[in-house]
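Note: the block below is coords.pdb and it holds PDB, C-alpha atoms and all ligand atoms.
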```
MODEL        1
ATOM      1  CA  MET U   1      -8.403 -23.295 -28.361
ATOM      2  CA  GLY U   2     -11.007 -22.554 -25.692
ATOM      3  CA  CYS U   3     -12.846 -19.280 -25.689
ATOM      4  CA  LYS U   4     -11.395 -18.217 -22.335
ATOM      5  CA  GLN U   5      -7.900 -18.931 -23.527
ATOM      6  CA  PHE U   6      -8.493 -16.891 -26.672
ATOM      7  CA  ASN U   7      -9.758 -13.914 -24.689
ATOM      8  CA  GLU U   8      -6.725 -14.013 -22.437
ATOM      9  CA  MET U   9      -4.467 -14.023 -25.467
ATOM     10  CA  LYS U  10      -6.396 -11.184 -26.986
ATOM     11  CA  GLY U  11      -6.040  -9.311 -23.694
ATOM     12  CA  ASP U  12      -2.282  -9.782 -23.763
ATOM     13  CA  VAL U  13      -1.984  -8.636 -27.349
ATOM     14  CA  MET U  14      -4.088  -5.545 -26.763
ATOM     15  CA  LYS U  15      -2.362  -4.472 -23.570
ATOM     16  CA  LYS U  16      -0.612  -1.158 -24.155
ATOM     17  CA  ASP U  17       2.862  -0.539 -22.813
ATOM     18  CA  LEU U  18       3.811   2.398 -20.617
ATOM     19  CA  LEU U  19       5.130   4.563 -23.465
ATOM     20  CA  THR U  20       1.895   4.216 -25.425
ATOM     21  CA  ARG U  21      -0.132   4.958 -22.303
ATOM     22  CA  LEU U  22       1.940   8.059 -21.547
ATOM     23  CA  ASN U  23       1.399   9.343 -25.062
ATOM     24  CA  GLU U  24      -2.332   9.026 -24.519
ATOM     25  CA  GLY U  25      -2.519  10.904 -21.224
ATOM     26  CA  PRO U  26      -1.422  11.122 -17.629
ATOM     27  CA  ILE U  27      -0.560   8.017 -15.621
ATOM     28  CA  MET U  28      -0.826   8.040 -11.842
ATOM     29  CA  CYS U  29       1.743   6.058  -9.891
ATOM     30  CA  ALA U  30       1.205   5.928  -6.137
ATOM     31  CA  GLU U  31       4.058   4.832  -3.961
ATOM     32  CA  GLY U  32       5.536   5.668  -0.570
ATOM     33  CA  TYR U  33       5.154   2.150   0.781
ATOM     34  CA  LEU U  34       8.252   2.288   2.947
ATOM     35  CA  PHE U  35       7.221   5.314   4.980
ATOM     36  CA  ALA U  36       3.586   4.218   5.063
ATOM     37  CA  MET U  37       4.592   0.885   6.561
ATOM     38  CA  GLU U  38       6.939   2.561   9.055
ATOM     39  CA  ARG U  39       4.123   4.844  10.225
ATOM     40  CA  ARG U  40       1.856   1.813  10.626
ATOM     41  CA  GLY U  41       4.437  -0.031  12.729
ATOM     42  CA  TYR U  42       5.490  -2.747  10.283
ATOM     43  CA  LEU U  43       9.130  -1.823   9.732
ATOM     44  CA  SER U  44      11.786   0.218  11.485
ATOM     45  CA  ALA U  45      12.951   3.713  10.476
ATOM     46  CA  GLY U  46      16.728   3.745  10.116
ATOM     47  CA  PRO U  47      17.371   0.326   8.640
ATOM     48  CA  PHE U  48      14.211   0.802   6.562
ATOM     49  CA  VAL U  49      13.922  -2.765   5.302
ATOM     50  CA  PRO U  50      10.532  -3.915   3.954
ATOM     51  CA  GLU U  51      10.293  -6.901   6.285
ATOM     52  CA  VAL U  52       6.512  -6.479   6.243
ATOM     53  CA  VAL U  53       6.507  -8.218   2.852
ATOM     54  CA  LEU U  54       7.323 -11.518   4.559
ATOM     55  CA  GLU U  55       5.904 -10.908   8.023
ATOM     56  CA  HIS U  56       2.561  -9.308   7.132
ATOM     57  CA  PRO U  57       1.963  -9.545   3.384
ATOM     58  CA  GLU U  58      -1.729  -8.798   3.906
ATOM     59  CA  VAL U  59      -0.845  -5.263   5.028
ATOM     60  CA  VAL U  60       1.066  -4.631   1.795
ATOM     61  CA  THR U  61      -1.833  -6.048  -0.217
ATOM     62  CA  GLN U  62      -4.226  -3.707   1.559
ATOM     63  CA  LEU U  63      -2.127  -0.612   0.777
ATOM     64  CA  HIS U  64      -1.967  -1.685  -2.874
ATOM     65  CA  ARG U  65      -5.757  -1.948  -2.839
ATOM     66  CA  GLU U  66      -6.141   1.503  -1.313
ATOM     67  CA  PHE U  67      -3.860   3.117  -3.885
ATOM     68  CA  ILE U  68      -5.625   1.288  -6.726
ATOM     69  CA  ARG U  69      -9.045   2.355  -5.432
ATOM     70  CA  ALA U  70      -7.674   5.920  -5.241
ATOM     71  CA  GLY U  71      -6.742   5.910  -8.907
ATOM     72  CA  SER U  72      -3.176   4.671  -9.212
ATOM     73  CA  ASP U  73      -2.721   3.179 -12.679
ATOM     74  CA  VAL U  74       0.425   1.435 -11.500
ATOM     75  CA  VAL U  75       0.836  -1.200  -8.800
ATOM     76  CA  GLN U  76       4.416  -0.818  -7.699
ATOM     77  CA  ALA U  77       5.933  -3.919  -6.146
ATOM     78  CA  PHE U  78       7.271  -3.072  -2.715
ATOM     79  CA  THR U  79      10.837  -4.163  -3.439
ATOM     80  CA  TYR U  80      12.208  -0.747  -2.511
ATOM     81  CA  TYR U  81      15.107  -1.194  -0.053
ATOM     82  CA  GLY U  82      14.638  -4.954  -0.090
ATOM     83  CA  HIS U  83      18.077  -5.218  -1.630
ATOM     84  CA  ARG U  84      21.274  -7.020  -0.657
ATOM     85  CA  GLU U  85      22.911  -4.122   1.212
ATOM     86  CA  LYS U  86      19.790  -3.322   3.244
ATOM     87  CA  LEU U  87      19.386  -6.958   4.229
ATOM     88  CA  ARG U  88      23.081  -7.222   5.076
ATOM     89  CA  ILE U  89      22.829  -4.441   7.635
ATOM     90  CA  ILE U  90      20.099  -6.292   9.530
ATOM     91  CA  GLY U  91      21.866  -9.652   9.108
ATOM     92  CA  LYS U  92      19.144 -11.156   6.919
ATOM     93  CA  GLU U  93      20.705 -11.466   3.460
ATOM     94  CA  HIS U  94      19.213 -14.944   3.181
ATOM     95  CA  LEU U  95      15.788 -13.280   2.904
ATOM     96  CA  LEU U  96      16.716 -11.354  -0.259
ATOM     97  CA  GLU U  97      15.131 -13.624  -2.837
ATOM     98  CA  PRO U  98      11.948 -14.525  -0.918
ATOM     99  CA  MET U  99      11.422 -10.863  -0.044
ATOM    100  CA  GLN U 100      11.857  -9.661  -3.627
ATOM    101  CA  LYS U 101       9.751 -12.421  -5.115
ATOM    102  CA  GLY U 102       7.150 -12.072  -2.369
ATOM    103  CA  ALA U 103       6.732  -8.352  -3.035
ATOM    104  CA  LEU U 104       6.377  -8.936  -6.774
ATOM    105  CA  LYS U 105       3.727 -11.609  -6.221
ATOM    106  CA  ILE U 106       1.776  -9.421  -3.792
ATOM    107  CA  ALA U 107       1.690  -6.628  -6.384
ATOM    108  CA  LYS U 108       0.640  -8.943  -9.220
ATOM    109  CA  ASP U 109      -2.081 -10.533  -7.086
ATOM    110  CA  ALA U 110      -3.413  -7.154  -5.963
ATOM    111  CA  ALA U 111      -3.618  -5.952  -9.563
ATOM    112  CA  ALA U 112      -5.427  -9.152 -10.535
ATOM    113  CA  GLU U 113      -8.169  -8.344  -8.020
ATOM    114  CA  PHE U 114      -9.189  -5.383 -10.194
ATOM    115  CA  LYS U 115      -9.811  -6.999 -13.550
ATOM    116  CA  ASP U 116     -11.935  -4.104 -14.823
ATOM    117  CA  LEU U 117      -9.074  -1.639 -14.448
ATOM    118  CA  ASP U 118      -6.240  -1.404 -16.933
ATOM    119  CA  LEU U 119      -3.505  -1.590 -14.298
ATOM    120  CA  MET U 120       0.208  -1.880 -14.876
ATOM    121  CA  VAL U 121       2.551  -3.623 -12.436
ATOM    122  CA  CYS U 122       6.068  -2.344 -12.028
ATOM    123  CA  GLY U 123       9.230  -3.544 -10.367
ATOM    124  CA  ASP U 124      11.397  -1.193  -8.355
ATOM    125  CA  VAL U 125      15.108  -0.800  -7.769
ATOM    126  CA  ALA U 126      16.581   1.857  -5.524
ATOM    127  CA  ASN U 127      19.741   3.549  -4.358
ATOM    128  CA  THR U 128      22.036   0.683  -3.412
ATOM    129  CA  ASN U 129      23.849   2.567  -0.636
ATOM    130  CA  VAL U 130      27.095   0.932  -1.747
ATOM    131  CA  PHE U 131      27.891   3.208  -4.714
ATOM    132  CA  ASP U 132      31.085   5.233  -4.357
ATOM    133  CA  PRO U 133      31.968   7.374  -7.387
ATOM    134  CA  GLY U 134      35.686   6.893  -6.778
ATOM    135  CA  ASP U 135      35.599   3.120  -6.295
ATOM    136  CA  ALA U 136      35.053   1.042  -9.424
ATOM    137  CA  ASN U 137      34.555  -2.108  -7.359
ATOM    138  CA  THR U 138      31.343  -0.657  -5.964
ATOM    139  CA  HIS U 139      30.096   0.009  -9.495
ATOM    140  CA  LYS U 140      30.381  -3.697 -10.229
ATOM    141  CA  GLN U 141      28.635  -4.457  -6.954
ATOM    142  CA  CYS U 142      25.777  -2.080  -7.888
ATOM    143  CA  GLN U 143      25.469  -3.691 -11.279
ATOM    144  CA  GLN U 144      25.103  -7.141  -9.716
ATOM    145  CA  MET U 145      22.515  -5.861  -7.239
ATOM    146  CA  TYR U 146      20.464  -4.258 -10.002
ATOM    147  CA  GLU U 147      20.771  -7.213 -12.340
ATOM    148  CA  GLU U 148      19.536  -9.750  -9.801
ATOM    149  CA  GLN U 149      16.531  -7.607  -8.874
ATOM    150  CA  VAL U 150      15.635  -6.787 -12.464
ATOM    151  CA  ALA U 151      15.809 -10.490 -13.351
ATOM    152  CA  TRP U 152      13.273 -11.325 -10.617
ATOM    153  CA  ALA U 153      11.027  -8.480 -11.760
ATOM    154  CA  LYS U 154      11.190  -9.699 -15.345
ATOM    155  CA  GLU U 155      10.456 -13.261 -14.260
ATOM    156  CA  ALA U 156       7.367 -11.970 -12.424
ATOM    157  CA  GLY U 157       6.168 -10.347 -15.666
ATOM    158  CA  VAL U 158       6.214  -6.676 -14.691
ATOM    159  CA  ASP U 159       5.251  -4.032 -17.253
ATOM    160  CA  PHE U 160       8.240  -1.832 -16.459
ATOM    161  CA  VAL U 161      10.822  -1.108 -13.752
ATOM    162  CA  ILE U 162      11.329   2.088 -11.780
ATOM    163  CA  ALA U 163      14.831   3.043 -10.635
ATOM    164  CA  GLU U 164      14.278   5.541  -7.886
ATOM    165  CA  THR U 165      15.720   7.712  -5.143
ATOM    166  CA  ILE U 166      19.153   7.585  -6.743
ATOM    167  CA  ASN U 167      21.351  10.670  -6.458
ATOM    168  CA  TRP U 168      24.455   9.620  -8.408
ATOM    169  CA  THR U 169      24.138   9.931 -12.187
ATOM    170  CA  GLU U 170      26.633   7.087 -12.628
ATOM    171  CA  GLU U 171      24.667   4.831 -10.314
ATOM    172  CA  MET U 172      21.489   5.640 -12.234
ATOM    173  CA  LYS U 173      23.222   4.751 -15.506
ATOM    174  CA  ILE U 174      24.083   1.328 -14.073
ATOM    175  CA  ALA U 175      20.468   0.777 -13.016
ATOM    176  CA  LEU U 176      19.170   1.995 -16.369
ATOM    177  CA  LYS U 177      21.494  -0.325 -18.268
ATOM    178  CA  ALA U 178      20.419  -3.320 -16.159
ATOM    179  CA  ILE U 179      16.762  -2.590 -16.913
ATOM    180  CA  LYS U 180      17.303  -1.939 -20.623
ATOM    181  CA  ASP U 181      19.541  -5.001 -21.004
ATOM    182  CA  ALA U 182      16.668  -7.083 -19.638
ATOM    183  CA  GLY U 183      14.480  -5.682 -22.418
ATOM    184  CA  LEU U 184      12.237  -3.749 -20.044
ATOM    185  CA  ILE U 185      10.957  -0.184 -20.035
ATOM    186  CA  ALA U 186      12.668   1.974 -17.395
ATOM    187  CA  VAL U 187      11.438   4.919 -15.357
ATOM    188  CA  CYS U 188      14.224   6.820 -13.583
ATOM    189  CA  ASN U 189      13.581   9.060 -10.575
ATOM    190  CA  PHE U 190      16.481  11.073  -9.218
ATOM    191  CA  ILE U 191      16.728  12.655  -5.795
ATOM    192  CA  THR U 192      17.332  16.363  -6.044
ATOM    193  CA  ASP U 193      18.614  18.524  -3.227
ATOM    194  CA  HIS U 194      16.571  21.539  -4.246
ATOM    195  CA  GLY U 195      13.097  22.154  -5.550
ATOM    196  CA  CYS U 196      11.781  19.076  -3.759
ATOM    197  CA  ASN U 197      10.959  18.712  -0.094
ATOM    198  CA  CYS U 198      11.082  14.945  -0.146
ATOM    199  CA  ILE U 199      14.308  14.832   1.819
ATOM    200  CA  PRO U 200      14.844  18.122   3.651
ATOM    201  CA  GLY U 201      18.270  18.752   5.087
ATOM    202  CA  ASP U 202      17.251  19.077   8.718
ATOM    203  CA  ASN U 203      16.318  16.711  11.487
ATOM    204  CA  ALA U 204      12.698  16.351  10.460
ATOM    205  CA  PHE U 205      13.739  13.630   8.057
ATOM    206  CA  PRO U 206      12.703  10.931   8.280
ATOM    207  CA  VAL U 207      10.590  10.519  11.413
ATOM    208  CA  ALA U 208       9.180  13.975  12.182
ATOM    209  CA  LEU U 209       7.738  14.941   8.833
ATOM    210  CA  ASP U 210       4.115  14.969   9.957
ATOM    211  CA  ASN U 211       3.632  18.718  10.129
ATOM    212  CA  LEU U 212       5.373  19.119   6.761
ATOM    213  CA  PHE U 213       2.886  16.953   4.881
ATOM    214  CA  CYS U 214       1.114  18.505   1.946
ATOM    215  CA  ASN U 215      -2.630  18.211   2.271
ATOM    216  CA  ARG U 216      -4.902  16.634  -0.337
ATOM    217  CA  PHE U 217      -5.726  19.953  -1.993
ATOM    218  CA  GLU U 218      -2.061  20.901  -2.408
ATOM    219  CA  MET U 219      -1.379  17.502  -3.950
ATOM    220  CA  ALA U 220      -4.308  18.011  -6.325
ATOM    221  CA  GLU U 221      -2.789  21.328  -7.442
ATOM    222  CA  PHE U 222       0.554  19.601  -7.966
ATOM    223  CA  ALA U 223      -1.078  16.964 -10.180
ATOM    224  CA  LYS U 224      -2.829  19.648 -12.239
ATOM    225  CA  ASP U 225       0.451  21.577 -12.605
ATOM    226  CA  CYS U 226       2.079  18.396 -13.918
ATOM    227  CA  VAL U 227      -0.586  17.941 -16.587
ATOM    228  CA  GLN U 228      -0.390  21.612 -17.566
ATOM    229  CA  ASN U 229       3.355  21.230 -18.002
ATOM    230  CA  LYS U 230       2.854  18.110 -20.110
ATOM    231  CA  ILE U 231       4.286  15.815 -17.455
ATOM    232  CA  ASN U 232       2.350  12.601 -17.855
ATOM    233  CA  PHE U 233       4.014  10.337 -15.301
ATOM    234  CA  ILE U 234       2.608  11.698 -12.053
ATOM    235  CA  GLY U 235       3.405  10.180  -8.699
ATOM    236  CA  ILE U 236       3.704  10.656  -5.000
ATOM    237  CA  CYS U 237       6.190   8.929  -2.717
ATOM    238  CA  CYS U 238       7.227   9.328   0.949
ATOM    239  CA  GLY U 239       4.204  10.618   2.861
ATOM    240  CA  ALA U 240       1.625   9.383   0.391
ATOM    241  CA  GLU U 241      -1.712   8.174   1.659
ATOM    242  CA  ALA U 242      -4.714   7.125  -0.358
ATOM    243  CA  HIS U 243      -6.590  10.404   0.131
ATOM    244  CA  HIS U 244      -3.753  12.297  -1.578
ATOM    245  CA  VAL U 245      -3.801   9.912  -4.516
ATOM    246  CA  ARG U 246      -7.581  10.123  -4.883
ATOM    247  CA  GLU U 247      -7.593  13.923  -4.882
ATOM    248  CA  MET U 248      -4.779  13.992  -7.450
ATOM    249  CA  SER U 249      -6.567  11.468  -9.668
ATOM    250  CA  VAL U 250      -9.840  13.373  -9.580
ATOM    251  CA  ALA U 251      -8.020  16.677 -10.199
ATOM    252  CA  ILE U 252      -6.678  15.376 -13.500
ATOM    253  CA  GLY U 253     -10.014  13.981 -14.625
ATOM    254  CA  LYS U 254      -9.889  10.365 -13.551
ATOM    255  CA  LYS U 255     -12.772   8.633 -11.826
ATOM    256  CA  PRO U 256     -11.213   6.330  -9.218
ATOM    257  CA  ILE U 257     -13.268   3.762  -7.314
ATOM    258  CA  SER U 258     -12.983   5.635  -4.015
ATOM    259  CA  MET U 259     -14.409   8.771  -5.665
ATOM    260  CA  LYS U 260     -17.695   7.340  -4.366
ATOM    261  CA  TYR U 261     -16.612   8.544  -0.922
ATOM    262  CA  MET U 262     -15.366  12.020  -1.779
ATOM    263  CA  PRO U 263     -16.342  14.563   0.901
ATOM    264  CA  ASP U 264     -19.951  15.756   0.883
ATOM    265  CA  MET U 265     -20.052  18.646   3.331
ATOM    266  CA  SER U 266     -23.732  19.345   2.608
ATOM    267  CA  LYS U 267     -24.504  16.515   5.038
ATOM    268  CA  HIS U 268     -22.070  17.549   7.759
ATOM    269  CA  PHE U 269     -23.820  18.177  11.093
ATOM    270  CA  HIS U 270     -22.209  21.622  11.512
ATOM    271  CA  HIS U 271     -21.081  22.819   8.082
ATOM    272  CA  GLY U 272     -23.903  21.183   6.139
ATOM    273  CA  THR U 273     -26.759  22.718   4.188
ATOM    274  CA  ASP U 274     -29.221  19.818   4.359
ATOM    275  CA  LYS U 275     -32.597  21.165   5.556
ATOM    276  CA  SER U 276     -32.974  18.379   8.127
ATOM    277  CA  LEU U 277     -29.856  19.365  10.055
ATOM    278  CA  LYS U 278     -30.335  20.867  13.513
ATOM    279  CA  LYS U 279     -29.911  24.649  13.782
ATOM    280  CA  VAL U 280     -28.453  24.286  17.281
ATOM    281  CA  ASN U 281     -25.519  22.242  15.914
ATOM    282  CA  LYS U 282     -24.908  24.632  13.044
ATOM    283  CA  GLU U 283     -24.607  27.531  15.496
ATOM    284  CA  ILE U 284     -21.878  25.944  17.626
ATOM    285  CA  LYS U 285     -18.663  27.932  17.402
ATOM    286  CA  TYR U 286     -15.514  25.845  16.710
TER     287      TYR U 286
HETATM  288 ZN    ZN O 301      10.166   9.998  -1.397
ENDMDL
END
```
As structure tokens, the full file:
Amino acid sequence: MGCKQFNEMKGDVMKKDLLTRLNEGPIMCAEGYLFAMERRGYLSAGPFVPEVVLEHPEVVTQLHREFIRAGSDVVQAFTYYGHREKLRIIGKEHLLEPMQKGALKIAKDAAAEFKDLDLMVCGDVANTNVFDPGDANTHKQCQQMYEEQVAWAKEAGVDFVIAETINWTEEMKIALKAIKDAGLIAVCNFITDHGCNCIPGDNAFPVALDNLFCNRFEMAEFAKDCVQNKINFIGICCGAEAHHVREMSVAIGKKPISMKYMPDMSKHFHHGTDKSLKKVNKEIKY
């Protein structure tokens, strides 16, 4: 056995799973790919299908990189809403498998670019939009949708699978069972209709949320509150940008790559304290 091969094996053996990592301290999981891509002009609000995965994979890779540099411990494959029902509504069901597998590969490849970081890659399943509590046929349909996605995630070698943005407990149970049956660790994120501003009940959602964004400092406080309340899986979804993730990471004691470029107001032409700065600029009233 070659030395390189041995080291890779050793690396595999020593890799800790999510539960062990959570017991050791907080894990940051940056997401919000769907809205980020919509804002950048790579997919349409309404249908909200991650077509960017196939049309511009490099843009997805870049957002993974930004979140990793900002301190995300998890690279979440952008399979959110790349499911059968979402593709049906835009008449592109034939793209289901390449889109799912493409997103998983993009995430794995992005993580592999950062060999010095102990990153985890996760798959993602979402609200199916077909679940109807009173219609058992739709439960079967959900199960099939979850099972096919979880199988692709497992095949790609993810560390765990997130089931997210689901508001029916029964639908979540179906997703959870599909993930557990595949022998994978599951993270379940429900939608709540109170105590969370992710999906407000007025017309701001989903395309006029800009003035409702939390700023980086508010997100940092949120991350600290999580740690204080012993919540170790800390994330940010719709609305997330890399500066939020960085501030949250730093607030809970991590040292992300992009910490190198944290603000340094001492060198700002107007607010700064550096002796070489011009007095005339510092006196301007803004
Ligand atoms: Zn969200």
Q. On this structure, which residues satisfy the PyMOL selection byres (((chain U and resi 216-221) around 9) and not hetatm), written as a ChimeraX atom specification?
A. /U:214-215,222-226,236,243-252
Q: Around the point (7.0, -4.2, 9.9), in the coordinates given by the file, pick out the residues reaching within 12 Å, counting all atoms listed in the file, and return them as a ChimeraX atom specification.
A: /U:33-45,47-60
Q: Kindly give the distance, in Å, that separates CA of Glu24 in chain U and CA of Phe233 in chain U, rounded to a single decimal.
A: 11.3 Å
6 Å per side around range 99-113 of chain U: axis-aligned box centre and edge lengths, as AutoDock Vina command-line options:
```
--center_x 1.8 --center_y -9.2 --center_z -5.3 --size_x 32.0 --size_y 18.5 --size_z 22.5
```
Q.
Please expand the PyMOL selection byres (((not hetatm)) within 12 of (chain O and resi 301)) into the concrete residues it hits in this file, giving the result as a VMD selection string.
A. chain U and resid 30 to 36 80 126 to 127 164 to 166 189 to 192 196 to 200 205 to 206 209 213 235 to 240
Where does range 29-123 of chain U meet range 257-262 of chain U within 12 Å, residue by residue, with the nearest atom pair and distance in Å to one decimal for each, counting all atoms listed in the file, listed by chain and rising number, as a tab-separated table?
```
residue	atom	partner	partner_atom	distance
U:Arg65	CA	U:Ile257	CA	10.4
U:Glu66	CA	U:Ser258	CA	8.4
U:Phe67	CA	U:Ser258	CA	9.5
U:Ile68	CA	U:Ile257	CA	8.1
U:Arg69	CA	U:Ile257	CA	4.8
U:Ala70	CA	U:Ser258	CA	5.5
U:Gly71	CA	U:Ile257	CA	7.1
U:Ser72	CA	U:Ile257	CA	10.3
U:Asp73	CA	U:Ile257	CA	11.8
U:Phe114	CA	U:Ile257	CA	10.4
U:Asp116	CA	U:Ile257	CA	11.0
U:Leu117	CA	U:Ile257	CA	9.9
```
Q.
I'd like the residues picked by the PyMOL selection byres (((chain U and resi 110) around 9) and not hetatm) written out as a VMD selection string, using the chain letters and numbers from the file.
A. chain U and resid 61 to 62 64 to 65 68 75 105 to 109 111 to 114
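Using all atoms listed in the file, the protein and nucleic acid residues lying no more than 12 Å from Glu155 in chain U, apart from those fewer than 2 places from it along its own chain, are Gln100, Lys101, Leu104, Lys105, Lys108, Cys122, Gly123, Glu148, Gln149, Val150, Ala151, Trp152, Ala153, Gly157, Val158, Asp159, Phe160, Ala182, Gly183 and Leu184 of chain U.
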Q: For Glu171 in chain U, list every protein, DNA or RNA residue within 8 Å, evaluated using all atoms listed in the file, and leave out those in the same chain fewer than 4 positions away; present the list as a ChimeraX atom specification.
A: /U:127,131,139,142,166-167,175
Q | Residues within 10 Å of Leu87 in chain U, all atoms listed in the file, excluding chain neighbours under 3 positions, as a PyMOL selection string | A | chain U and resi 47-51+81-84+90-96+99
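For the pair CA of Lys15 in chain U and CA of Glu97 in chain U, the interatomic distance is 28.6 Å.
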Q: Report the distance between CA of Lys255 in chain U and CA of Ala77 in chain U in Å, rounded to one decimal place.
A: 23.2 Å
